[in-house]
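Shown next: my_file04.cif, given as mmCIF, C-alpha atoms and all ligand atoms.
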```cif
data_run
loop_
_atom_site.label_atom_id
_atom_site.label_comp_id
_atom_site.auth_asym_id
_atom_site.auth_seq_id
_atom_site.Cartn_x
_atom_site.Cartn_y
_atom_site.Cartn_z
CA MET A 1 146.39 172.73 205.49
CA SER A 2 146.03 175.44 202.82
CA ALA A 3 143.14 175.33 200.33
CA PRO A 4 143.98 173.92 196.87
CA MET A 5 144.95 176.46 194.18
CA VAL A 6 141.91 176.68 191.93
CA ASP A 7 140.83 179.14 189.26
CA GLU A 8 137.19 179.35 190.38
CA ALA A 9 134.82 177.81 192.92
CA TYR A 10 131.22 176.70 192.33
CA ASP A 11 128.50 174.83 194.17
CA VAL A 12 128.26 172.27 191.36
CA VAL A 13 130.34 171.47 188.28
CA VAL A 14 128.58 169.51 185.51
CA GLY A 15 130.92 167.59 183.20
CA GLY A 16 129.30 167.30 179.75
CA VAL A 17 126.69 169.72 178.40
CA GLY A 18 124.77 167.53 175.95
CA GLY A 19 121.18 166.32 176.34
CA MET A 20 121.35 165.53 180.06
CA GLY A 21 124.03 168.00 181.16
CA SER A 22 122.20 170.97 179.60
CA ALA A 23 119.00 170.06 181.46
CA THR A 24 121.00 169.59 184.67
CA VAL A 25 122.65 173.02 184.53
CA SER A 26 119.23 174.56 183.91
CA HIS A 27 117.58 172.85 186.89
CA LEU A 28 120.54 173.55 189.18
CA ALA A 29 120.61 177.23 188.24
CA ARG A 30 116.83 177.53 188.68
CA ARG A 31 117.28 176.18 192.18
CA GLY A 32 119.78 178.91 192.97
CA ALA A 33 123.00 176.89 192.77
CA ASP A 34 126.16 178.49 191.48
CA VAL A 35 126.87 176.11 188.60
CA LEU A 36 129.53 175.61 185.93
CA GLY A 37 128.85 173.37 182.91
CA ILE A 38 131.90 172.19 180.98
CA GLU A 39 131.57 170.83 177.42
CA ARG A 40 134.50 169.40 175.45
CA PHE A 41 132.96 170.06 172.00
CA ASP A 42 130.39 172.69 170.96
CA VAL A 43 127.01 173.54 172.49
CA PRO A 44 125.17 171.82 170.87
CA ASN A 45 127.31 169.23 169.03
CA ALA A 46 126.90 166.21 166.80
CA GLU A 47 129.89 164.30 168.23
CA GLY A 48 127.98 162.70 171.12
CA SER A 49 124.53 161.14 171.40
CA SER A 50 122.11 164.00 170.84
CA GLY A 51 122.87 165.05 167.24
CA GLY A 52 120.81 164.28 164.14
CA ILE A 53 118.15 166.97 164.76
CA THR A 54 115.22 165.00 166.20
CA ARG A 55 114.35 162.46 168.92
CA ILE A 56 111.14 160.50 169.50
CA ILE A 57 109.07 161.12 172.60
CA ARG A 58 106.17 158.71 173.28
CA ARG A 59 103.99 158.18 176.32
CA PRO A 60 103.75 154.37 176.00
CA GLN A 61 106.95 152.75 177.27
CA TYR A 62 107.28 149.26 175.78
CA GLU A 63 110.62 148.89 177.56
CA ASP A 64 108.95 148.90 180.99
CA PRO A 65 105.82 150.63 182.36
CA ALA A 66 108.08 151.88 185.20
CA TYR A 67 109.30 154.58 182.76
CA VAL A 68 105.79 156.03 182.27
CA PRO A 69 105.74 158.35 185.34
CA LEU A 70 109.13 159.70 184.24
CA VAL A 71 108.01 160.37 180.68
CA GLU A 72 104.85 162.08 181.94
CA ARG A 73 106.93 164.44 184.08
CA SER A 74 109.35 164.90 181.25
CA LEU A 75 106.63 165.78 178.73
CA SER A 76 105.24 168.36 181.12
CA LEU A 77 108.71 169.91 181.59
CA TRP A 78 109.27 169.97 177.81
CA ARG A 79 105.94 171.72 177.31
CA ASP A 80 106.90 174.32 179.94
CA LEU A 81 110.28 174.90 178.29
CA ASP A 82 108.61 175.13 174.88
CA ALA A 83 106.11 177.69 176.20
CA THR A 84 108.74 179.93 177.76
CA HIS A 85 111.33 179.84 174.96
CA ASP A 86 111.04 181.20 171.49
CA ARG A 87 112.31 177.93 170.06
CA ASP A 88 110.88 175.05 168.15
CA LEU A 89 111.23 172.18 170.66
CA PHE A 90 108.28 169.75 170.61
CA HIS A 91 106.14 168.57 167.68
CA GLN A 92 103.08 166.60 168.67
CA VAL A 93 102.59 164.33 165.64
CA GLY A 94 101.57 161.17 167.55
CA SER A 95 103.47 157.93 167.99
CA VAL A 96 103.03 154.39 166.67
CA ASP A 97 104.64 151.26 168.16
CA PHE A 98 104.13 148.42 165.70
CA GLY A 99 105.33 144.90 165.03
CA THR A 100 104.26 141.32 164.80
CA ALA A 101 101.34 140.61 167.15
CA ASP A 102 103.63 138.93 169.70
CA SER A 103 106.44 141.49 169.45
CA GLY A 104 107.84 143.13 172.55
CA VAL A 105 107.30 146.60 171.11
CA PHE A 106 103.59 146.15 170.35
CA GLU A 107 102.75 144.07 173.42
CA GLY A 108 104.91 146.17 175.77
CA SER A 109 103.47 149.41 174.46
CA ARG A 110 99.90 148.18 174.90
CA ARG A 111 100.69 146.88 178.39
CA SER A 112 102.17 150.20 179.49
CA CYS A 113 99.10 152.08 178.19
CA GLN A 114 96.79 149.74 180.08
CA ALA A 115 98.85 149.90 183.29
CA HIS A 116 98.84 153.70 183.30
CA ASP A 117 95.47 154.38 181.69
CA ILE A 118 96.98 156.14 178.67
CA GLU A 119 94.57 156.91 175.85
CA HIS A 120 95.52 154.74 172.81
CA GLU A 121 94.19 152.79 169.86
CA VAL A 122 95.21 149.30 168.80
CA LEU A 123 95.27 149.06 164.99
CA THR A 124 95.91 146.20 162.56
CA GLY A 125 98.60 146.65 159.93
CA ASP A 126 95.92 147.37 157.31
CA GLU A 127 94.33 150.00 159.52
CA LEU A 128 97.69 151.66 160.16
CA SER A 129 98.45 151.79 156.43
CA ALA A 130 95.01 153.22 155.65
CA ARG A 131 95.22 155.88 158.39
CA PHE A 132 98.82 156.88 157.63
CA PRO A 133 99.43 156.35 153.90
CA GLY A 134 103.23 156.65 154.20
CA TYR A 135 103.14 153.38 156.16
CA ASP A 136 102.78 149.96 154.44
CA VAL A 137 102.45 147.53 157.34
CA PRO A 138 101.54 143.83 156.82
CA GLY A 139 97.90 143.16 157.75
CA GLU A 140 98.75 140.63 160.47
CA PHE A 141 100.96 143.16 162.32
CA ARG A 142 99.56 145.20 165.17
CA GLY A 143 100.28 148.74 166.33
CA VAL A 144 99.55 151.07 169.23
CA TYR A 145 98.73 154.62 168.13
CA GLN A 146 99.00 157.30 170.81
CA PRO A 147 98.27 160.91 169.82
CA ASP A 148 100.22 162.88 172.47
CA GLY A 149 103.77 161.89 171.50
CA GLY A 150 105.89 163.10 168.64
CA PHE A 151 109.39 164.42 168.35
CA LEU A 152 111.73 166.84 170.07
CA HIS A 153 114.21 169.03 168.25
CA SER A 154 117.10 167.69 170.32
CA GLU A 155 119.67 170.30 169.38
CA GLN A 156 117.24 173.16 170.08
CA CYS A 157 116.30 171.54 173.40
CA ILE A 158 119.96 171.74 174.43
CA VAL A 159 120.14 175.37 173.33
CA ALA A 160 116.95 176.20 175.26
CA HIS A 161 118.19 174.52 178.44
CA VAL A 162 121.52 176.35 178.22
CA GLU A 163 119.75 179.67 177.61
CA ASP A 164 117.57 178.94 180.61
CA ALA A 165 120.68 178.17 182.68
CA HIS A 166 122.28 181.42 181.52
CA ALA A 167 119.16 183.36 182.47
CA HIS A 168 119.46 181.92 185.97
CA GLY A 169 123.11 182.80 186.37
CA ALA A 170 124.92 179.61 185.30
CA THR A 171 128.27 179.58 183.53
CA VAL A 172 128.71 177.17 180.61
CA ARG A 173 132.00 176.74 178.79
CA ALA A 174 132.38 174.83 175.52
CA ARG A 175 135.64 173.63 173.95
CA GLU A 176 136.99 172.74 177.39
CA ARG A 177 137.57 169.10 178.38
CA VAL A 178 137.35 167.63 181.88
CA GLU A 179 140.53 165.59 182.29
CA ALA A 180 140.47 164.48 185.91
CA TRP A 181 138.77 165.02 189.25
CA ASP A 182 139.47 164.36 192.94
CA ALA A 183 136.89 164.13 195.69
CA ASP A 184 137.10 164.02 199.47
CA GLU A 185 134.81 165.07 202.30
CA SER A 186 135.62 168.75 201.81
CA GLY A 187 134.58 168.81 198.15
CA VAL A 188 135.61 168.12 194.58
CA THR A 189 138.42 169.46 192.43
CA VAL A 190 137.92 169.27 188.67
CA ARG A 191 140.87 169.65 186.31
CA THR A 192 140.32 170.54 182.66
CA ASP A 193 142.62 171.34 179.73
CA ARG A 194 142.13 175.02 180.67
CA GLY A 195 142.04 175.22 184.43
CA GLU A 196 141.07 173.85 187.78
CA TYR A 197 137.78 174.31 189.63
CA ALA A 198 136.57 173.61 193.13
CA ALA A 199 132.99 172.54 193.82
CA GLU A 200 130.89 170.95 196.49
CA THR A 201 129.56 168.42 193.98
CA LEU A 202 130.45 167.08 190.54
CA VAL A 203 127.78 165.78 188.17
CA VAL A 204 129.12 163.60 185.35
CA ALA A 205 126.82 163.64 182.30
CA ALA A 206 129.46 162.86 179.71
CA GLY A 207 127.44 160.45 177.56
CA ALA A 208 129.62 157.90 175.76
CA TRP A 209 132.73 159.24 177.54
CA THR A 210 131.35 158.71 181.06
CA GLY A 211 133.30 155.48 181.56
CA GLN A 212 136.53 157.37 180.88
CA LEU A 213 135.74 159.93 183.61
CA LEU A 214 134.35 157.31 186.03
CA PRO A 215 136.49 154.19 185.56
CA ALA A 216 134.74 152.43 188.46
CA LEU A 217 131.54 152.40 186.36
CA ALA A 218 133.08 151.78 182.94
CA ASP A 219 132.18 148.08 182.88
CA HIS A 220 128.48 148.99 182.98
CA LEU A 221 128.64 151.57 180.17
CA GLU A 222 129.30 150.39 176.62
CA PRO A 223 129.29 152.93 173.77
CA GLU A 224 127.79 151.65 170.50
CA ARG A 225 127.89 153.16 167.02
CA GLN A 226 124.54 154.08 165.41
CA VAL A 227 123.63 155.47 161.98
CA LEU A 228 120.73 157.64 160.84
CA GLY A 229 119.53 157.89 157.22
CA TRP A 230 117.26 160.39 155.45
CA PHE A 231 115.65 159.39 152.11
CA GLN A 232 113.75 161.62 149.74
CA PRO A 233 110.09 160.55 149.75
CA GLN A 234 108.54 159.89 146.32
CA ARG A 235 105.21 161.03 147.82
CA PRO A 236 106.26 163.90 150.13
CA GLU A 237 102.71 164.66 151.28
CA ARG A 238 102.60 161.22 152.95
CA PHE A 239 105.70 162.01 155.05
CA ALA A 240 104.74 165.49 156.21
CA PRO A 241 104.56 165.95 160.03
CA ASP A 242 100.78 166.32 160.05
CA GLU A 243 100.34 163.02 158.14
CA PHE A 244 103.06 160.85 159.59
CA PRO A 245 103.45 159.90 163.28
CA VAL A 246 106.86 158.86 164.57
CA PHE A 247 107.21 155.09 164.88
CA VAL A 248 109.12 152.26 166.52
CA ALA A 249 108.91 148.99 164.56
CA ASP A 250 109.72 145.49 165.81
CA THR A 251 109.93 143.40 162.63
CA PRO A 252 111.58 140.13 161.53
CA GLU A 253 114.28 142.35 159.92
CA GLY A 254 115.04 144.08 163.22
CA HIS A 255 114.05 146.92 165.51
CA TYR A 256 113.77 150.27 163.69
CA TYR A 257 112.37 153.78 164.25
CA GLY A 258 111.49 156.75 162.08
CA PHE A 259 110.27 160.34 161.73
CA PRO A 260 108.38 162.54 159.26
CA VAL A 261 110.27 164.93 157.00
CA TYR A 262 111.60 167.79 159.10
CA GLU A 263 114.48 170.19 158.42
CA VAL A 264 116.20 167.71 156.06
CA PRO A 265 114.37 166.96 152.77
CA GLY A 266 114.10 163.30 153.69
CA PHE A 267 112.19 160.71 155.69
CA LYS A 268 114.42 159.75 158.64
CA VAL A 269 115.08 156.13 159.68
CA GLY A 270 117.36 154.41 162.19
CA LYS A 271 117.97 150.83 163.33
CA PHE A 272 118.42 150.11 167.04
CA ASN A 273 121.87 148.70 167.79
CA HIS A 274 122.62 149.22 164.11
CA ARG A 275 125.48 146.77 163.36
CA GLY A 276 126.40 145.91 166.95
CA GLU A 277 129.69 147.87 166.78
CA THR A 278 130.91 148.72 170.28
CA GLY A 279 134.08 150.27 171.70
CA ARG A 280 135.48 153.49 173.07
CA PRO A 281 134.12 156.57 171.26
CA ALA A 282 137.44 157.21 169.47
CA GLU A 283 137.40 153.64 168.11
CA LEU A 284 133.92 153.93 166.51
CA ASP A 285 133.89 155.03 162.87
CA ASP A 286 132.03 158.34 162.62
CA GLU A 287 131.74 158.12 158.83
CA PRO A 288 128.65 156.24 157.52
CA ASP A 289 129.26 153.75 154.67
CA ARG A 290 127.30 151.90 151.98
CA GLU A 291 126.44 148.97 154.24
CA ASP A 292 124.96 151.37 156.80
CA GLU A 293 122.85 152.93 154.08
CA ARG A 294 121.75 149.54 152.71
CA LEU A 295 120.49 148.37 156.12
CA LEU A 296 118.28 151.44 156.50
CA ARG A 297 117.10 151.58 152.89
CA GLU A 298 116.04 147.90 152.81
CA PHE A 299 113.84 148.37 155.86
CA ALA A 300 112.36 151.60 154.49
CA SER A 301 111.53 150.05 151.12
CA ARG A 302 109.74 147.14 152.82
CA TYR A 303 107.55 149.16 155.24
CA PHE A 304 107.59 152.72 153.82
CA PRO A 305 107.90 152.17 150.04
CA ASP A 306 107.00 155.77 149.12
CA GLY A 307 109.87 157.04 151.26
CA THR A 308 112.89 155.52 149.57
CA GLY A 309 114.07 157.97 146.94
CA PRO A 310 117.67 159.18 146.77
CA THR A 311 119.63 159.50 150.00
CA MET A 312 119.63 163.03 151.41
CA ARG A 313 121.81 162.59 154.47
CA LEU A 314 123.56 159.97 156.61
CA SER A 315 125.04 160.57 160.03
CA THR A 316 126.48 158.61 162.94
CA CYS A 317 125.78 158.86 166.64
CA MET A 318 126.40 156.77 169.79
CA PHE A 319 124.31 154.86 172.30
CA THR A 320 125.79 154.14 175.73
CA ASN A 321 124.34 150.80 176.79
CA THR A 322 124.07 149.32 180.26
CA PRO A 323 123.82 145.50 180.58
CA ASP A 324 120.04 145.68 181.17
CA GLU A 325 119.51 148.78 178.97
CA ASP A 326 118.09 150.71 181.93
CA PHE A 327 119.57 154.07 182.90
CA LEU A 328 122.25 154.79 185.46
CA LEU A 329 121.15 157.68 187.73
CA ASP A 330 122.87 157.61 191.06
CA ILE A 331 125.51 158.85 193.44
CA HIS A 332 128.97 157.39 192.87
CA PRO A 333 129.41 154.28 195.06
CA ASP A 334 132.69 155.59 196.57
CA HIS A 335 132.11 159.37 196.55
CA GLY A 336 128.98 160.94 198.02
CA ASN A 337 129.66 164.23 196.22
CA VAL A 338 129.89 162.77 192.70
CA VAL A 339 126.63 162.15 190.82
CA VAL A 340 126.26 160.26 187.53
CA GLY A 341 123.65 160.34 184.78
CA ALA A 342 124.58 157.94 181.98
CA GLY A 343 123.81 154.64 180.25
CA PHE A 344 120.70 155.87 178.47
CA SER A 345 120.88 152.87 176.13
CA GLY A 346 119.33 154.52 173.09
CA HIS A 347 116.09 155.72 174.70
CA GLY A 348 117.17 158.60 176.92
CA PHE A 349 116.62 161.91 175.16
CA LYS A 350 112.87 162.11 175.75
CA PHE A 351 113.67 161.97 179.49
CA ALA A 352 116.40 164.63 179.45
CA SER A 353 114.20 167.29 181.07
CA VAL A 354 113.31 165.06 184.05
CA VAL A 355 116.82 163.59 184.21
CA GLY A 356 118.11 167.15 184.68
CA GLU A 357 115.69 167.56 187.56
CA ILE A 358 116.78 164.24 189.10
CA LEU A 359 120.51 164.97 188.78
CA ALA A 360 119.96 168.42 190.32
CA ASP A 361 118.06 166.77 193.21
CA LEU A 362 120.85 164.24 193.77
CA ALA A 363 123.53 166.95 193.59
CA LEU A 364 121.82 169.37 195.98
CA ASP A 365 119.84 167.06 198.32
CA GLY A 366 121.47 163.65 197.89
CA THR A 367 118.04 162.18 197.09
CA THR A 368 115.08 162.67 194.74
CA ASP A 369 111.31 162.14 194.86
CA GLN A 370 111.35 160.77 191.31
CA PRO A 371 111.13 156.96 190.99
CA VAL A 372 114.80 156.16 190.37
CA ASP A 373 115.18 152.90 192.32
CA PRO A 374 115.56 150.80 189.13
CA PHE A 375 118.47 152.99 188.00
CA GLY A 376 120.96 152.57 190.86
CA VAL A 377 124.55 151.41 190.50
CA GLY A 378 123.94 148.74 193.14
CA ARG A 379 121.89 146.60 190.74
CA PHE A 380 125.13 145.54 189.00
CA ASP A 381 126.72 144.10 192.20
C1 LIG A 401 120.96 157.63 166.50
C2 LIG A 401 120.29 157.81 167.83
C3 LIG A 401 118.91 157.89 167.89
C4 LIG A 401 118.27 158.05 169.11
N1 LIG A 401 116.91 158.16 169.14
C5 LIG A 401 116.29 158.45 170.31
C6 LIG A 401 114.91 158.76 170.32
O1 LIG A 401 114.26 158.80 169.26
N2 LIG A 401 114.33 159.08 171.51
C7 LIG A 401 115.03 159.07 172.68
O2 LIG A 401 114.44 159.32 173.73
N3 LIG A 401 116.36 158.82 172.69
C8 LIG A 401 117.00 158.51 171.54
N4 LIG A 401 118.34 158.30 171.52
C9 LIG A 401 119.09 158.31 172.78
C10 LIG A 401 119.39 159.71 173.22
O3 LIG A 401 119.72 160.54 172.14
C11 LIG A 401 120.50 159.67 174.26
O4 LIG A 401 120.07 158.84 175.33
C12 LIG A 401 120.84 161.04 174.79
O5 LIG A 401 121.14 161.91 173.73
C13 LIG A 401 122.01 160.94 175.75
O6 LIG A 401 122.34 162.24 176.22
P1 LIG A 401 123.68 162.47 177.02
O7 LIG A 401 123.59 163.81 177.60
O8 LIG A 401 123.94 161.29 177.90
O9 LIG A 401 124.82 162.41 175.91
P2 LIG A 401 125.35 163.62 174.99
O10 LIG A 401 124.23 164.41 174.47
O11 LIG A 401 126.33 163.02 174.04
O12 LIG A 401 126.11 164.53 176.04
C14 LIG A 401 127.32 164.19 176.64
C15 LIG A 401 128.22 165.38 176.47
O13 LIG A 401 129.37 165.23 177.28
C16 LIG A 401 130.44 165.81 176.58
N5 LIG A 401 131.69 165.29 177.18
C17 LIG A 401 132.14 164.04 177.13
N6 LIG A 401 133.30 163.92 177.78
C18 LIG A 401 133.59 165.14 178.27
C19 LIG A 401 134.67 165.67 179.01
N7 LIG A 401 135.71 164.91 179.38
N8 LIG A 401 134.66 167.00 179.32
C20 LIG A 401 133.62 167.80 178.94
N9 LIG A 401 132.58 167.34 178.21
C21 LIG A 401 132.56 166.04 177.89
C22 LIG A 401 130.20 165.37 175.16
O14 LIG A 401 130.92 166.15 174.24
C23 LIG A 401 128.70 165.53 175.03
O15 LIG A 401 128.33 166.80 174.53
C24 LIG A 401 119.02 158.12 170.31
C25 LIG A 401 120.41 158.06 170.25
C26 LIG A 401 121.05 157.93 169.01
C27 LIG A 401 122.55 157.88 168.97
#
```
As structure tokens - that is how I would like this structure written.
Amino acid sequence: MSAPMVDEAYDVVVGGVGGMGSATVSHLARRGADVLGIERFDVPNAEGSSGGITRIIRRPQYEDPAYVPLVERSLSLWRDLDATHDRDLFHQVGSVDFGTADSGVFEGSRRSCQAHDIEHEVLTGDELSARFPGYDVPGEFRGVYQPDGGFLHSEQCIVAHVEDAHAHGATVRARERVEAWDADESGVTVRTDRGEYAAETLVVAAGAWTGQLLPALADHLEPERQVLGWFQPQRPERFAPDEFPVFVADTPEGHYYGFPVYEVPGFKVGKFNHRGETGRPAELDDEPDREDERLLREFASRYFPDGTGPTMRLSTCMFTNTPDEDFLLDIHPDHGNVVVGAGFSGHGFKFASVVGEILADLALDGTTDQPVDPFGVGRFD
């Protein structure tokens, strides 16, 4: 049988060059693989899940202490990338996880610090508000303060990973969309709106579009619309990075998060699972509205009253949720040469550096030393 007609051949093709795909092309190229990354929008872009400038990184993992070893590895990889690139990637401003004393965020954060011996302080609401004057937390609330976390400049992290991939010989193409793929024992063929490529392995890191490229997994991957808001602080000094740690808040009004003023002249706030709007990416409204703004402003005025001046910016973004909100990092159940990294359920960016390492391991070796057992496809059977 003759070989298929393809435009180019690679060891690995990575479909999607956002947060995870950019890290994956970098790790693959560093390991000597001949790699092609294909991105349907720009590099970086705000259409997917990594836009909006910043992302929280925190060592405590209230979701599950099982994530702590991954975030430790990730933090170390981010620091390495930061040290070797002339880019502004990581800002260590500390992290606070606060809520009512019995809240999952506070309790889970404290538990993960205890389980992994992470330096931290438990503060009452009054103590938090005294230490960080931008905060106004009810006295009976409790918070975990951890000094090593902060925020990543997500868009610059993608740029740095792609530059690193370039420096190690990778090819990355933006404005090209993966439309279909075929896999058999001899390899993978990937068809885009510009050409056709052969590879030994395909890695799908297509964020909210992953279900469209991997229909067998679509039932486990539900895109959800999110909105970010930036409000001018009335007391800007209280919202400067050296005065204001990033936070996650578990309150009777809902589960929120926020950042100091950085790049936009506003204090940034988001609500997890914003209005519960799910669907295919094209069905989710990418224009924020007044109700979106109201939800964020009401929370900010209750807990951060000096940070609720005029609106500076609103933007939308997408989560891709799995049923248990844990990641999906595995080899495709029917194709040993197709790897997937998806379903980051709103808490994935901080892990992108280690996820890139894991996806490169799975693509090149079929296995990884990182603790990925909780993230297999088989758990949904
Ligand atoms: C508002 C918001 C706030 C968040 N806050 C945090 C936080 O503070 N901390 C944290 O750790 N995480 C946070 N997250 C989650 C985190 O941002 C995501 O888990 C992460 O960005 C997911 O990265 P990804 O690579 O899977 O998706 P993306 O970055 O969207 O990358 C997927 C890429 O694939 C491309 N693509 C899709 N289909 C195709 C195709 N057919 N062909 C070629 N390319 C394709 C897309 O264009 C996109 O660029 C937040 C998410 C949102 C939306």
Which protein, DNA or RNA residues have an atom within 6 Å of ligand LIG 401 (chain A), counting all atoms listed in the file, as number ranges by chain?
-> A: 15-21, 38-41, 48-50, 55-57, 177-179, 205-207, 209, 226-228, 317-319, 342, 344, 346-350
So which residues touch range 167-172 of chain A within 10 Å, counting only C-alpha atoms, skipping near sequence neighbours fewer than 2 positions away, as a PyMOL selection string?
-> chain A and resi 10+13-14+16-17+22+25-39+43+161-165+174+176
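The two atoms in question, CA of Ala363 in chain A and CA of Ala183 in chain A, are spaced 13.8 Å apart.
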Point-to-point distance from CA of Val372 in chain A to CA of Tyr67 in chain A, Å rounded to tenths =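 Taking CA of Val372 in chain A as the start and CA of Tyr67 in chain A as the end point, the length is 9.5 Å.
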So what do you get for CA of Arg73 in chain A versus CA of Leu214 in chain A, distance-wise?
-> 28.4 Å
Contact residues around range 298-312 of chain A with only C-alpha atoms at 9 Å, ignoring same-chain residues under 3 positions, as a PyMOL selection string = chain A and resi 133-138+229-236+238-239+253-254+256+264-267+269+271+293-295
Which residue of A:Leu77, A:Val246, A:Glu72, A:Glu107 approaches Gln146 in chain A most closely, using all atoms listed in the file =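 Between A:Leu77, A:Val246, A:Glu72, A:Glu107, the residue approaching Gln146 in chain A most closely is A:Val246.
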